[in-house]
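Participant: Handing you a structure now.
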Amino acid sequence: MEKKNLVMIGNGMAGVRTIEEILKFSPEAFKITIFGDEPHPNYNRIQLSTVLQGDTVVEDIILNSWEWYKENQIELFTGEAVTQIDPDKKQVISEKGRTVPYDELIIATGSSSFILPVPGADKSGVTGFRDIKDCEIMIKTAKDYKKAAVIGGGLLGLEAARGLLNLGMEVDVIHLMPHLMERQLDAAASKMLKQELESQGMNFLMEKQTAEILGEDRVTGLRFTDGSEIEADLIVMAVGIKPNVQLAKDSGIYVNRGIVVDDYMRTNIQNVYAVGECAEHREIVYGLVAPLYEQGKVLASSVCGMETKPYEGSLVGTGLKVSGVDLFSAGEIEDDPKTKAIKVHNEFDGVYKKILIRDNTIAGIVLYGETKDSSRLFRMMVKKEDVSGMTSVSILESGCCGGGGDSSDVATMANEEIVCGCNGVSKGTIVDAIKTKELTTVDEVGSCTNAGRSCGRCKSLISDILAHTLGDKYDTAAKKTALCGCTDLSRDEVVAEIKEKGLTSIKEVMNVLGWKQEEGCSKCRPALNYYLGMILQEQYLDERDSRLVNEKMHANIQKDGTYSVVPRMYGGVTTAADLKKIAEVAEKYDVPLVKLTGGQRIGLFGVNKEDLPAMWEDLGMPSGYAYGKTLRTVKTCVGAKFCRFGTQDSMGLGIELEKKFERLDTPHKVKMGVSACPRNCAEAGIKDFGVVGIDGGWEIYVAGNGGTDLRAGDLLETVKTKEEVMELIGAFMQYYRETANYLERTSKWVERVGLDHVKGILADENTRKELNERLDKTLEKYNEPWNEAIENKEIQEKYYQKREIPGKPILV
Amino acid sequence: MQKIHVADYAALPERAGQVVDLGGEQIVLFRLSNGEVKAVENRSPHPKGGTLGEGLVSGEYLYCPVYDWKISLNDGKVQAPDQGQVKIYQVDRDGEQVFVVK
Ligand code: SRM
Ligand SMILES: Cc1cc2nc3c(=O)[nH]c(=O)nc-3n(C[C@H](O)[C@H](O)[C@H](O)COP(=O)(O)OP(=O)(O)OC[C@H]3O[C@@H](n4cnc5c(N)ncnc54)[C@H](O)[C@@H]3O)c2cc1C
Ligand code: SF4
Ligand code: FES
């Protein structure tokens with residue numbers, strides 16, 4: 001089937017989440033193109049506050065790496081705005097004149113900071129607080145200037161102000177209304193918040209309206225409508241946001257405050273949808289991610305042509321990401337004659353709670369100073385639970401005095417209770433994921449369920465749930481082992497950092513991650529070389545000098561500095577001609593030992609380093625990699641072609657396997673065996689991968705080992721065809737490559753992660769397919785190393801020569 | 001003492017040992033990433049012997065290719081927990097020419 005063209009305008013949080021959902025539903029249905037006018041991949045805008053406050057850096061808030069787009073075959077144009085939509089021709093045109101046709105179009109243009117239209121608003125030193133660029137302006141200004149003014153005492157304004165304080169600036173916050181965050185807090189809570197922030201060093205100018213921004217080219221201050229003035233070198237406008245709708249409007253799409261959509265996120269024009277902060281649904285434009293992600297889910301199903309419940313709007317809860325402030329608000333905030341309120345005001349501990357009840361259900365929540373109950377109360381509100389039978393104490397379970405009981409501990413938390421408000425993930429979902437997917441870290445929970453991937457407020461709760469679900473195992477998992485003495489980071493952390501930060505070389509990894517020994521050691525260098533090659537399937541330039549001697553020389557060093565040469569003999573099958581060649585070479589180079597190896601082939605031992613290239617040339621056979629962390633041998637039995645018991649062509653399959661997987665870098669060496677009946681003459685039961693022919697099929701065994709710790713392989717699956725064998729082994733191999741520690745054999749790895757876990761992963765056809773795709777991509781990059789050495793003089797000189805002295809000794 | 005022109009600087013690859021035969025005595029030259037050239041005897045300090053030429057070079061250290069001992073290229077000392085010493089040679093450089101003094 002021809003893929004449909006899906007185009008998305010806007011590369012932000014709501015849009016890209018929608019794409020993630022679409023990829024989950026129908027990974028193959030669309031050819032996806034995304035335009036984003038920022039120069040970055042999708043990042044966590046919410047965390048800009050933490051970036052400004054200095055707790056994270058921009059690289060850490062990337063949600064979808066460049067790799068992710070590539071892996072999902074999404075064509076991404078960044079730094080390129082779409083300027084026109086042509087619904088008749090069904091195409092979009094960018095500012096660079098690029099025209100892209102669509103079958104389905106998603107508008108996810110988000111919103112922009114609202115800049116007050118006062119005189120002087122265009123001066124340099126005036127910024128909004130919306131994107132990375134704004135953050136960079138603020139960080140840079142803080143280096144050269146002292147005084148900042150933030151206009152707007154709402155969520156954004158206060159988070160910006162806190163950040164500017166951290167950057168060492170003096171901060172005035174100007175607010176039009178008598179109370180801060182008046183849309184989320186009542187007077188009492190607002191007063192407590194103001195006191196706290198004042199004690200942190202913010203200065204508030206309340207009930208002031210800006211009339212003019214003063215200064216020549218650059219701002220020097222502000223004048224208010226009452227005539228008073230203040231000085232300022234930086235002005236941050238945080239008075240609100242305005243949806244980016246101009247493009248849609250110009251193209252004839254119906255726009256009110258936002259782009260108007262129905263319950264399936266459809267605009268008035270066929271095949272054009274809108275989602276996120278640019279969309280207006282039932283007269284509401286949302287400005288927090290939780291509802292936007294709900295919209296994204298519904299939109300994804302409708303674009304994929306799947307049945308879905310309509311989107312009927314959301315209730316939202318708000319927090320404030322300022323350290324020292326614990327606050328939650330949702331729904332109504334002011335009492336009226338028809339509401340009854342439960343209030344707790346403990347000034348001594350700085351705790352304030354107000355639950356507004358209307359018609360026996362919760363209609364509003366304001367919590368300040370202690371927010372433990374927030375998710376439970378919020379759920380009761382969303383579900384409109386009848387509270388008439390409850391006492392006020394049981395509604396406010398954690399009590400009135402700060403510390404309270406620990407009834408909201410994870411143990412007693414109901415399964416349907418929402419843990420991550422931003423992503424709508426319940427405790428039950430998290431516990432299930434931890435159990436079935438054997439997750440051990442907060443980040444893993446995030447990548448499986450999305451919990452914790454937005455504002456991050458729920459991360460400590462997720463960690464508690466992990467600890468509670470895993471018990472002792474969590475502690476051991478948490479006690480990570482460092483990669484080597486050069487770093488405190490574990491294997492998983494290093495791999496995650498490489499992916500997230502887009503690191504591309506060993507040197508870069510060591511620099512960016514603060515290696516203690518500048519150029520690493522003999523443990524981390526080969527490991528990093530492996531991990532980089534595994535992650536950057538095509539682009540990575542292998543660093544030969546970071547491989548240990550055998551892999552660097554493509555021959556196994558012996559105790560006296562000579563080498564062994566073991567050519568490939570696919571499936572242990574050879575020919576008289578090849579045997580003759582081996583014999584001639586052995587004679588010509590005076591090879592001290594010719595021996596059949598334990599891997600069904602012939603080894604030439606005790607060869608001088610300088611002779612290696614010439615010998616390889618004379619042999620004219622590929623390297624058998626008897627020295628590498630890669631596929632070694634595939635042992636086969638004679639099988640159905642000759643043996644009276646044989647049920648399958650074991651030699652044929654063995655050779656096919658060896659030809660496919662040879663040269664592939666793996667965490668440790670990998671061996672295979674193929675027998676044609678359960679007598680198992682090829683000893684397939686003690687191989688990393690063992691295949692045993694049976695009548696009408698093949699049994700696949702994995703994780704066997706015949707070495708130091710003898711281990712019989714586990715039956716992975718019984719399949720009918722050779723193709724299925726290749727597909728399963730490919731997927732298993734790639735999953736091993738992606739998750740094992742360097743120098744961990746399949747046997748140890750399977751014992752660590754559990755066979756059921758691997759089976760669970762491989763059960764999904766799509767996952768298998770993706771694993772195989774990554775594997776195949778990797779396999780494409782390899783060259784035959786012996787041949788390379790023969791043809792490349794530089795390699796010969798660098799690695800295989802003994803040098804002559806150019807001059808005569810001089811007596812000194 | 002003799003000063004022997006053992007190689008031209010430009011011909012020495014970074015971080016890959018080059019073995020030179022000095023009348024029966026084998027010496028390995030290592031050009032470090034910081035540009036310095038070090039010379040050691042091509043013999044592992046491990047009691048079982050073996051060569052050093054193909055070891056992995058990290059900063060001013062060499063990891064023995066046969067037994068993975070960590071050896072300082074400045075003074076030839078084997079680093080704890082192992083013990084031993086490799087013979088090192090003084091290296092002189094005169095522009096392009098690299099000399100070993102012995
Ligand atoms: C040549 C060969 C012995 C022989 O004369 O037959 C051999 C030779 C070496 N083996 Fe082996 N192994 C050889 C088959 C095996 C087998 C049998 C097999 O593959 O069916 C095993 C047990 C099966 C297995 O691995 O599950 C085997 C288990 C080991 C181990 C233990 C691995 C383990 O995970 O427990 C090591 C040590 C290591 O890799 O860390 C090892 C390491 C070595 C090294 C590479 C040690 C080294 O680093 O120098 C030996 C190189 C000798 C040399 O001078 O080149 N060799 N080694 C065999 C080469 C087969 C080939 O054609 O590639
Ligand atoms: C500092 C800060 C803190 C926040 N804190 C929270 C919080 O704690 N909790 C919470 O839930 N939410 C928070 N938010 C809000 C949240 O970030 C947004 O709701 C969310 O990012 C909206 O997603 P979106 O995809 O609709 O828009 P965006 O993420 O803004 O993405 C839209 C993208 O489209 C691009 N674009 C626009 N027009 C075009 C065009 N014509 N062509 C190409 N590209 C275009 C824009 O440049 C932008 O990159 C915060 C926001 C900020 C700025
Ligand atoms: S495993 Fe079975 S088919 Fe293969 S050689 Fe042995 S007896 Fe014959
Ligand atoms: S609550 Fe925001 S990420 Fe979980």
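Here, A, B, ... name the chains of the structure tokens in the order displayed, residue numbers run from 1 inside each chain, and ligands are numbered from 1 in the same displayed order.
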Just asking: which residues within region 610-787 of chain A are strand (DSSP E or B) according to DSSP, as a PDB file with N, CA, C and O atoms, in the first residue's frame?

Facilitator:
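Done, and the output landed in out.pdb:
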```
ATOM      1  N   SER A 623      38.798 -13.073   6.817  1.00  0.00           N
ATOM      2  CA  SER A 623      39.176 -13.353   8.198  1.00  0.00           C
ATOM      3  C   SER A 623      38.087 -14.151   8.888  1.00  0.00           C
ATOM      4  O   SER A 623      36.899 -13.896   8.712  1.00  0.00           O
ATOM      5  N   THR A 630      32.705 -10.618  18.286  1.00  0.00           N
ATOM      6  CA  THR A 630      31.873 -10.640  17.095  1.00  0.00           C
ATOM      7  C   THR A 630      31.472 -12.084  16.854  1.00  0.00           C
ATOM      8  O   THR A 630      31.740 -12.940  17.705  1.00  0.00           O
ATOM      9  N   LEU A 631      30.846 -12.372  15.734  1.00  0.00           N
ATOM     10  CA  LEU A 631      30.508 -13.762  15.454  1.00  0.00           C
ATOM     11  C   LEU A 631      31.797 -14.550  15.203  1.00  0.00           C
ATOM     12  O   LEU A 631      32.604 -14.193  14.354  1.00  0.00           O
ATOM     13  N   ARG A 632      31.988 -15.606  15.957  1.00  0.00           N
ATOM     14  CA  ARG A 632      33.142 -16.470  15.737  1.00  0.00           C
ATOM     15  C   ARG A 632      32.774 -17.505  14.684  1.00  0.00           C
ATOM     16  O   ARG A 632      32.822 -17.262  13.504  1.00  0.00           O
ATOM     17  N   THR A 633      32.332 -18.657  15.144  1.00  0.00           N
ATOM     18  CA  THR A 633      32.085 -19.722  14.166  1.00  0.00           C
ATOM     19  C   THR A 633      30.622 -20.140  14.204  1.00  0.00           C
ATOM     20  O   THR A 633      29.920 -19.914  15.177  1.00  0.00           O
ATOM     21  N   VAL A 634      30.195 -20.736  13.128  1.00  0.00           N
ATOM     22  CA  VAL A 634      28.910 -21.420  13.138  1.00  0.00           C
ATOM     23  C   VAL A 634      29.221 -22.887  12.856  1.00  0.00           C
ATOM     24  O   VAL A 634      29.560 -23.264  11.727  1.00  0.00           O
ATOM     25  N   LYS A 635      29.169 -23.687  13.889  1.00  0.00           N
ATOM     26  CA  LYS A 635      29.453 -25.107  13.698  1.00  0.00           C
ATOM     27  C   LYS A 635      28.213 -25.778  13.119  1.00  0.00           C
ATOM     28  O   LYS A 635      27.097 -25.454  13.512  1.00  0.00           O
ATOM     29  N   THR A 636      28.435 -26.675  12.208  1.00  0.00           N
ATOM     30  CA  THR A 636      27.275 -27.394  11.656  1.00  0.00           C
ATOM     31  C   THR A 636      27.545 -28.895  11.665  1.00  0.00           C
ATOM     32  O   THR A 636      28.688 -29.338  11.749  1.00  0.00           O
ATOM     33  N   ASP A 665      29.947  -6.207  15.187  1.00  0.00           N
ATOM     34  CA  ASP A 665      30.453  -6.006  16.546  1.00  0.00           C
ATOM     35  C   ASP A 665      29.377  -6.391  17.554  1.00  0.00           C
ATOM     36  O   ASP A 665      28.232  -5.981  17.434  1.00  0.00           O
ATOM     37  N   VAL A 670      30.293 -14.201  19.976  1.00  0.00           N
ATOM     38  CA  VAL A 670      29.040 -14.908  19.780  1.00  0.00           C
ATOM     39  C   VAL A 670      29.316 -16.148  18.934  1.00  0.00           C
ATOM     40  O   VAL A 670      29.992 -16.057  17.907  1.00  0.00           O
ATOM     41  N   LYS A 671      28.840 -17.278  19.399  1.00  0.00           N
ATOM     42  CA  LYS A 671      29.058 -18.521  18.647  1.00  0.00           C
ATOM     43  C   LYS A 671      27.731 -19.170  18.323  1.00  0.00           C
ATOM     44  O   LYS A 671      26.779 -19.044  19.075  1.00  0.00           O
ATOM     45  N   MET A 672      27.719 -19.882  17.216  1.00  0.00           N
ATOM     46  CA  MET A 672      26.470 -20.512  16.810  1.00  0.00           C
ATOM     47  C   MET A 672      26.727 -21.964  16.440  1.00  0.00           C
ATOM     48  O   MET A 672      27.854 -22.343  16.119  1.00  0.00           O
ATOM     49  N   GLY A 673      25.665 -22.730  16.456  1.00  0.00           N
ATOM     50  CA  GLY A 673      25.765 -24.112  16.016  1.00  0.00           C
ATOM     51  C   GLY A 673      24.438 -24.510  15.382  1.00  0.00           C
ATOM     52  O   GLY A 673      23.376 -24.070  15.830  1.00  0.00           O
ATOM     53  N   VAL A 674      24.513 -25.294  14.318  1.00  0.00           N
ATOM     54  CA  VAL A 674      23.274 -25.776  13.707  1.00  0.00           C
ATOM     55  C   VAL A 674      23.368 -27.288  13.525  1.00  0.00           C
ATOM     56  O   VAL A 674      24.270 -27.790  12.850  1.00  0.00           O
ATOM     57  N   SER A 675      22.466 -28.016  14.140  1.00  0.00           N
ATOM     58  CA  SER A 675      22.394 -29.467  13.956  1.00  0.00           C
ATOM     59  C   SER A 675      21.099 -29.793  13.238  1.00  0.00           C
ATOM     60  O   SER A 675      20.131 -29.051  13.324  1.00  0.00           O
ATOM     61  N   PHE A 689      23.844 -19.018  20.148  1.00  0.00           N
ATOM     62  CA  PHE A 689      22.657 -19.329  19.365  1.00  0.00           C
ATOM     63  C   PHE A 689      22.801 -20.742  18.844  1.00  0.00           C
ATOM     64  O   PHE A 689      23.772 -21.039  18.150  1.00  0.00           O
ATOM     65  N   GLY A 690      21.847 -21.589  19.175  1.00  0.00           N
ATOM     66  CA  GLY A 690      21.909 -22.963  18.680  1.00  0.00           C
ATOM     67  C   GLY A 690      20.607 -23.289  17.972  1.00  0.00           C
ATOM     68  O   GLY A 690      19.524 -22.962  18.457  1.00  0.00           O
ATOM     69  N   VAL A 691      20.730 -23.865  16.794  1.00  0.00           N
ATOM     70  CA  VAL A 691      19.524 -24.201  16.057  1.00  0.00           C
ATOM     71  C   VAL A 691      19.522 -25.708  15.845  1.00  0.00           C
ATOM     72  O   VAL A 691      20.524 -26.279  15.417  1.00  0.00           O
ATOM     73  N   VAL A 692      18.408 -26.354  16.173  1.00  0.00           N
ATOM     74  CA  VAL A 692      18.312 -27.801  16.015  1.00  0.00           C
ATOM     75  C   VAL A 692      17.140 -28.129  15.109  1.00  0.00           C
ATOM     76  O   VAL A 692      16.000 -27.737  15.398  1.00  0.00           O
ATOM     77  N   GLY A 693      17.445 -28.815  14.006  1.00  0.00           N
ATOM     78  CA  GLY A 693      16.394 -29.180  13.068  1.00  0.00           C
ATOM     79  C   GLY A 693      15.513 -30.278  13.643  1.00  0.00           C
ATOM     80  O   GLY A 693      15.995 -31.219  14.280  1.00  0.00           O
ATOM     81  N   ILE A 694      14.231 -30.162  13.442  1.00  0.00           N
ATOM     82  CA  ILE A 694      13.293 -31.231  13.795  1.00  0.00           C
ATOM     83  C   ILE A 694      12.408 -31.426  12.574  1.00  0.00           C
ATOM     84  O   ILE A 694      12.443 -30.602  11.656  1.00  0.00           O
ATOM     85  N   GLY A 697      10.565 -28.318  11.083  1.00  0.00           N
ATOM     86  CA  GLY A 697      10.842 -27.036  11.731  1.00  0.00           C
ATOM     87  C   GLY A 697      12.224 -26.968  12.353  1.00  0.00           C
ATOM     88  O   GLY A 697      13.095 -27.814  12.113  1.00  0.00           O
ATOM     89  N   TRP A 698      12.389 -25.917  13.140  1.00  0.00           N
ATOM     90  CA  TRP A 698      13.661 -25.675  13.808  1.00  0.00           C
ATOM     91  C   TRP A 698      13.406 -25.255  15.246  1.00  0.00           C
ATOM     92  O   TRP A 698      12.503 -24.459  15.509  1.00  0.00           O
ATOM     93  N   GLU A 699      14.236 -25.745  16.147  1.00  0.00           N
ATOM     94  CA  GLU A 699      14.202 -25.241  17.511  1.00  0.00           C
ATOM     95  C   GLU A 699      15.334 -24.233  17.647  1.00  0.00           C
ATOM     96  O   GLU A 699      16.452 -24.502  17.194  1.00  0.00           O
ATOM     97  N   ILE A 700      15.034 -23.127  18.292  1.00  0.00           N
ATOM     98  CA  ILE A 700      16.094 -22.122  18.485  1.00  0.00           C
ATOM     99  C   ILE A 700      16.445 -22.048  19.962  1.00  0.00           C
ATOM    100  O   ILE A 700      15.590 -21.772  20.804  1.00  0.00           O
ATOM    101  N   TYR A 701      17.699 -22.330  20.263  1.00  0.00           N
ATOM    102  CA  TYR A 701      18.186 -22.229  21.634  1.00  0.00           C
ATOM    103  C   TYR A 701      19.057 -20.982  21.747  1.00  0.00           C
ATOM    104  O   TYR A 701      19.766 -20.627  20.808  1.00  0.00           O
ATOM    105  N   VAL A 702      18.998 -20.350  22.912  1.00  0.00           N
ATOM    106  CA  VAL A 702      19.830 -19.156  23.088  1.00  0.00           C
ATOM    107  C   VAL A 702      20.580 -19.214  24.408  1.00  0.00           C
ATOM    108  O   VAL A 702      20.183 -19.919  25.335  1.00  0.00           O
ATOM    109  N   ASN A 705      26.505 -21.739  26.727  1.00  0.00           N
ATOM    110  CA  ASN A 705      27.919 -21.392  26.817  1.00  0.00           C
ATOM    111  C   ASN A 705      28.712 -22.655  27.125  1.00  0.00           C
ATOM    112  O   ASN A 705      28.350 -23.444  27.987  1.00  0.00           O
ATOM    113  N   ARG A 711      26.879 -23.575  30.467  1.00  0.00           N
ATOM    114  CA  ARG A 711      25.431 -23.325  30.609  1.00  0.00           C
ATOM    115  C   ARG A 711      24.715 -23.870  29.387  1.00  0.00           C
ATOM    116  O   ARG A 711      25.097 -23.573  28.251  1.00  0.00           O
ATOM    117  N   ASP A 714      18.722 -22.042  26.429  1.00  0.00           N
ATOM    118  CA  ASP A 714      17.284 -22.104  26.693  1.00  0.00           C
ATOM    119  C   ASP A 714      16.547 -22.137  25.365  1.00  0.00           C
ATOM    120  O   ASP A 714      16.900 -21.410  24.446  1.00  0.00           O
ATOM    121  N   LEU A 715      15.471 -22.932  25.320  1.00  0.00           N
ATOM    122  CA  LEU A 715      14.656 -22.956  24.106  1.00  0.00           C
ATOM    123  C   LEU A 715      13.925 -21.619  23.992  1.00  0.00           C
ATOM    124  O   LEU A 715      13.167 -21.231  24.869  1.00  0.00           O
ATOM    125  N   LEU A 716      14.189 -20.898  22.925  1.00  0.00           N
ATOM    126  CA  LEU A 716      13.533 -19.607  22.729  1.00  0.00           C
ATOM    127  C   LEU A 716      12.194 -19.810  22.028  1.00  0.00           C
ATOM    128  O   LEU A 716      11.166 -19.323  22.458  1.00  0.00           O
ATOM    129  N   GLU A 717      12.227 -20.583  20.949  1.00  0.00           N
ATOM    130  CA  GLU A 717      10.996 -20.799  20.212  1.00  0.00           C
ATOM    131  C   GLU A 717      11.211 -21.921  19.194  1.00  0.00           C
ATOM    132  O   GLU A 717      12.343 -22.195  18.799  1.00  0.00           O
ATOM    133  N   THR A 718      10.127 -22.554  18.769  1.00  0.00           N
ATOM    134  CA  THR A 718      10.207 -23.519  17.685  1.00  0.00           C
ATOM    135  C   THR A 718       9.488 -22.901  16.495  1.00  0.00           C
ATOM    136  O   THR A 718       8.357 -22.439  16.631  1.00  0.00           O
ATOM    137  N   VAL A 719      10.177 -22.845  15.363  1.00  0.00           N
ATOM    138  CA  VAL A 719       9.573 -22.191  14.200  1.00  0.00           C
ATOM    139  C   VAL A 719       9.596 -23.138  13.004  1.00  0.00           C
ATOM    140  O   VAL A 719      10.275 -24.162  13.017  1.00  0.00           O
TER     141      VAL A 719
END
```

Participant: Write out as a VMD selection string each polymer residue (protein, DNA or RNA) that has an atom no more than 8 Å from ligand 2, with only C-alpha atoms and all ligand atoms counted.

Facilitator: chain A and resid 9 to 16 35 to 38 42 to 49 78 to 83 94 108 to 112 129 to 131 155 to 156 159 to 160 244 247 275 to 279 286 to 290 292 318 to 321 422 454 to 455

Participant: Would you mind exporting C-alpha atoms of the selected residues as a JSON list (two decimals), in the first residue's frame?

Facilitator:
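Result file out.json:
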```json
[["chain", "number", "residue", "atom", "x", "y", "z"],
["A", 9, "ILE", "CA", 3.47, 22.38, 11.06],
["A", 10, "GLY", "CA", 5.13, 23.00, 14.42],
["A", 11, "ASN", "CA", 7.71, 20.79, 16.04],
["A", 12, "GLY", "CA", 6.68, 21.26, 19.64],
["A", 13, "MET", "CA", 5.41, 19.26, 22.57],
["A", 14, "ALA", "CA", 1.81, 18.62, 21.60],
["A", 15, "GLY", "CA", 2.54, 17.99, 17.95],
["A", 16, "VAL", "CA", 5.39, 15.58, 18.36],
["A", 35, "PHE", "CA", 8.31, 21.75, 9.88],
["A", 36, "GLY", "CA", 9.51, 23.60, 12.95],
["A", 37, "ASP", "CA", 10.67, 27.17, 12.93],
["A", 38, "GLU", "CA", 12.97, 26.69, 15.89],
["A", 42, "ASN", "CA", 11.41, 18.71, 20.05],
["A", 43, "TYR", "CA", 12.36, 19.77, 23.55],
["A", 44, "ASN", "CA", 10.64, 20.01, 26.89],
["A", 45, "ARG", "CA", 9.49, 23.61, 26.96],
["A", 46, "ILE", "CA", 8.27, 23.19, 30.52],
["A", 47, "GLN", "CA", 11.80, 22.65, 31.68],
["A", 48, "LEU", "CA", 12.98, 26.00, 30.35],
["A", 49, "SER", "CA", 12.24, 27.24, 33.85],
["A", 78, "THR", "CA", 14.01, 22.88, 11.37],
["A", 79, "GLY", "CA", 14.52, 26.61, 11.38],
["A", 80, "GLU", "CA", 11.98, 26.77, 8.58],
["A", 81, "ALA", "CA", 8.51, 28.22, 9.05],
["A", 82, "VAL", "CA", 5.57, 27.28, 6.92],
["A", 83, "THR", "CA", 4.12, 30.44, 5.43],
["A", 94, "SER", "CA", 7.62, 27.14, 3.58],
["A", 108, "ALA", "CA", 0.54, 22.39, 15.95],
["A", 109, "THR", "CA", 2.02, 25.86, 15.96],
["A", 110, "GLY", "CA", 1.61, 26.45, 19.70],
["A", 111, "SER", "CA", 1.63, 30.02, 20.92],
["A", 112, "SER", "CA", 3.94, 32.96, 21.42],
["A", 129, "PHE", "CA", 9.73, 33.64, 28.00],
["A", 130, "ARG", "CA", 8.78, 30.94, 25.57],
["A", 131, "ASP", "CA", 11.72, 29.24, 23.91],
["A", 155, "LEU", "CA", 3.15, 31.09, 36.66],
["A", 156, "LEU", "CA", 5.53, 32.03, 33.86],
["A", 159, "GLU", "CA", 9.34, 31.04, 37.26],
["A", 160, "ALA", "CA", 11.25, 33.54, 35.13],
["A", 244, "ASN", "CA", -0.15, 31.16, 16.65],
["A", 247, "LEU", "CA", -1.13, 31.08, 9.15],
["A", 275, "VAL", "CA", -3.71, 20.31, 18.28],
["A", 276, "GLY", "CA", -2.02, 21.98, 21.21],
["A", 277, "GLU", "CA", -1.95, 25.57, 22.34],
["A", 278, "CYS", "CA", -2.98, 26.83, 18.91],
["A", 279, "ALA", "CA", -6.25, 24.90, 19.02],
["A", 286, "TYR", "CA", -5.41, 25.13, 26.89],
["A", 287, "GLY", "CA", -1.96, 26.17, 28.08],
["A", 288, "LEU", "CA", -0.72, 23.10, 29.95],
["A", 289, "VAL", "CA", 0.48, 19.86, 28.44],
["A", 290, "ALA", "CA", -1.85, 17.38, 30.14],
["A", 292, "LEU", "CA", -2.84, 18.82, 24.99],
["A", 318, "THR", "CA", -1.42, 23.70, 38.06],
["A", 319, "GLY", "CA", 1.75, 23.73, 40.09],
["A", 320, "LEU", "CA", 4.65, 26.16, 40.26],
["A", 321, "LYS", "CA", 8.19, 25.01, 39.59],
["A", 422, "CYS", "CA", 0.99, 15.87, 32.75],
["A", 454, "SER", "CA", 7.08, 16.66, 31.13],
["A", 455, "CYS", "CA", 7.26, 18.87, 34.22]]
```

Participant: Hey, what's within 12 Å of Glu587 (chain A) if we count only C-alpha atoms and toss same-chain stuff fewer than 6 positions away? As a VMD selection string, please?

Facilitator: chain A and resid 580 to 581 593 to 594 604 607 615 618

Participant: If the limit is 6 Å from any atom of ligand 3, counting only C-alpha atoms and all ligand atoms, which residues qualify? Return them as a list in words.

Facilitator: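 Those residues are Cys637, Val638, Gly639, Cys643, Phe645, Gly646, Ser675, Ala676, Cys677, Arg679, Asn680 and Cys681 of chain A.
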
Participant: Between A:Asp464, A:Glu543, A:Asp492, A:Glu280, single out the one closest to chain B, counting only C-alpha atoms.

Facilitator: A:Glu543

Participant: Please identify every polymer residue within 6 Å of ligand 1, using only C-alpha atoms and all ligand atoms, and present the set as a list in words.

Facilitator: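 Listing the residues within 6 Å of ligand 1 gives Asn556, Gln558, Ser564, Thr597, Gly598, Gly599, Gln600, Arg601, Ala626, Tyr627, Arg632, Thr633, Lys687, Asn705, Gly706, Gly707, Thr708 and Asp709 of chain A.
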
Participant: Could you check the closest approach to Ser44 (chain B) for each of B:Gln26, B:Asn74, B:Gln2, B:Gln97 and tell me which residue wins, using only C-alpha atoms?

Facilitator: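 Smallest separation from Ser44 (chain B) among the options: B:Gln26.
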
Participant: Set the distance at 12 Å and use only C-alpha atoms: which residues neighbour Arg453 (chain A) once local chain neighbours fewer than 5 positions away are removed? I'd like the list as number ranges by chain.

Facilitator: A: 13, 17, 43-47, 60-64, 289-290, 293, 420-425, 442-448, 458-459, 462

Participant: Check every residue of chain A for an atom within 12 Å of chain B, counting only C-alpha atoms, and provide those that qualify as a PyMOL selection string.

Facilitator: chain A and resi 486+507+516-526+543-563+609-610+794-812

Participant: Skip Ala712 (chain A) itself and residues of its chain fewer than 3 positions away, then list as an MDAnalysis selection string all residues within 6 Å of it, counting only C-alpha atoms.

Facilitator: chainID A and resid 685:686 704

Participant: Can you write just those residues out, N, CA and C atoms, as a PDB file, in the first residue's frame?

Facilitator:
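After the write, part-v8.pdb holds the following:
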```
ATOM      1  N   GLY A 685      23.457 -26.935  21.700  1.00  0.00           N
ATOM      2  CA  GLY A 685      22.912 -26.637  23.023  1.00  0.00           C
ATOM      3  C   GLY A 685      23.812 -25.815  23.915  1.00  0.00           C
ATOM      4  N   ILE A 686      25.083 -25.656  23.546  1.00  0.00           N
ATOM      5  CA  ILE A 686      25.966 -24.835  24.379  1.00  0.00           C
ATOM      6  C   ILE A 686      26.533 -23.671  23.585  1.00  0.00           C
ATOM      7  N   GLY A 704      23.430 -20.359  25.409  1.00  0.00           N
ATOM      8  CA  GLY A 704      24.249 -21.476  25.869  1.00  0.00           C
ATOM      9  C   GLY A 704      25.705 -21.028  25.947  1.00  0.00           C
TER      10      GLY A 704
END
```

Participant: Counting only C-alpha atoms, what is within 7 Å of region 83-94 of chain B, bar same-chain residues fewer than 3 positions away, as a list of chain:residue names?

Facilitator: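 Surrounding residues, per the criterion: B:Val37, B:Lys38, B:Ala39, B:Val40, B:Glu41, B:Pro45, B:Asp75, B:Gly76, B:Lys77, B:Val78, B:Gln79, B:Ala80, B:Gln97, B:Val98, B:Phe99, B:Val100, B:Val101, B:Lys102.
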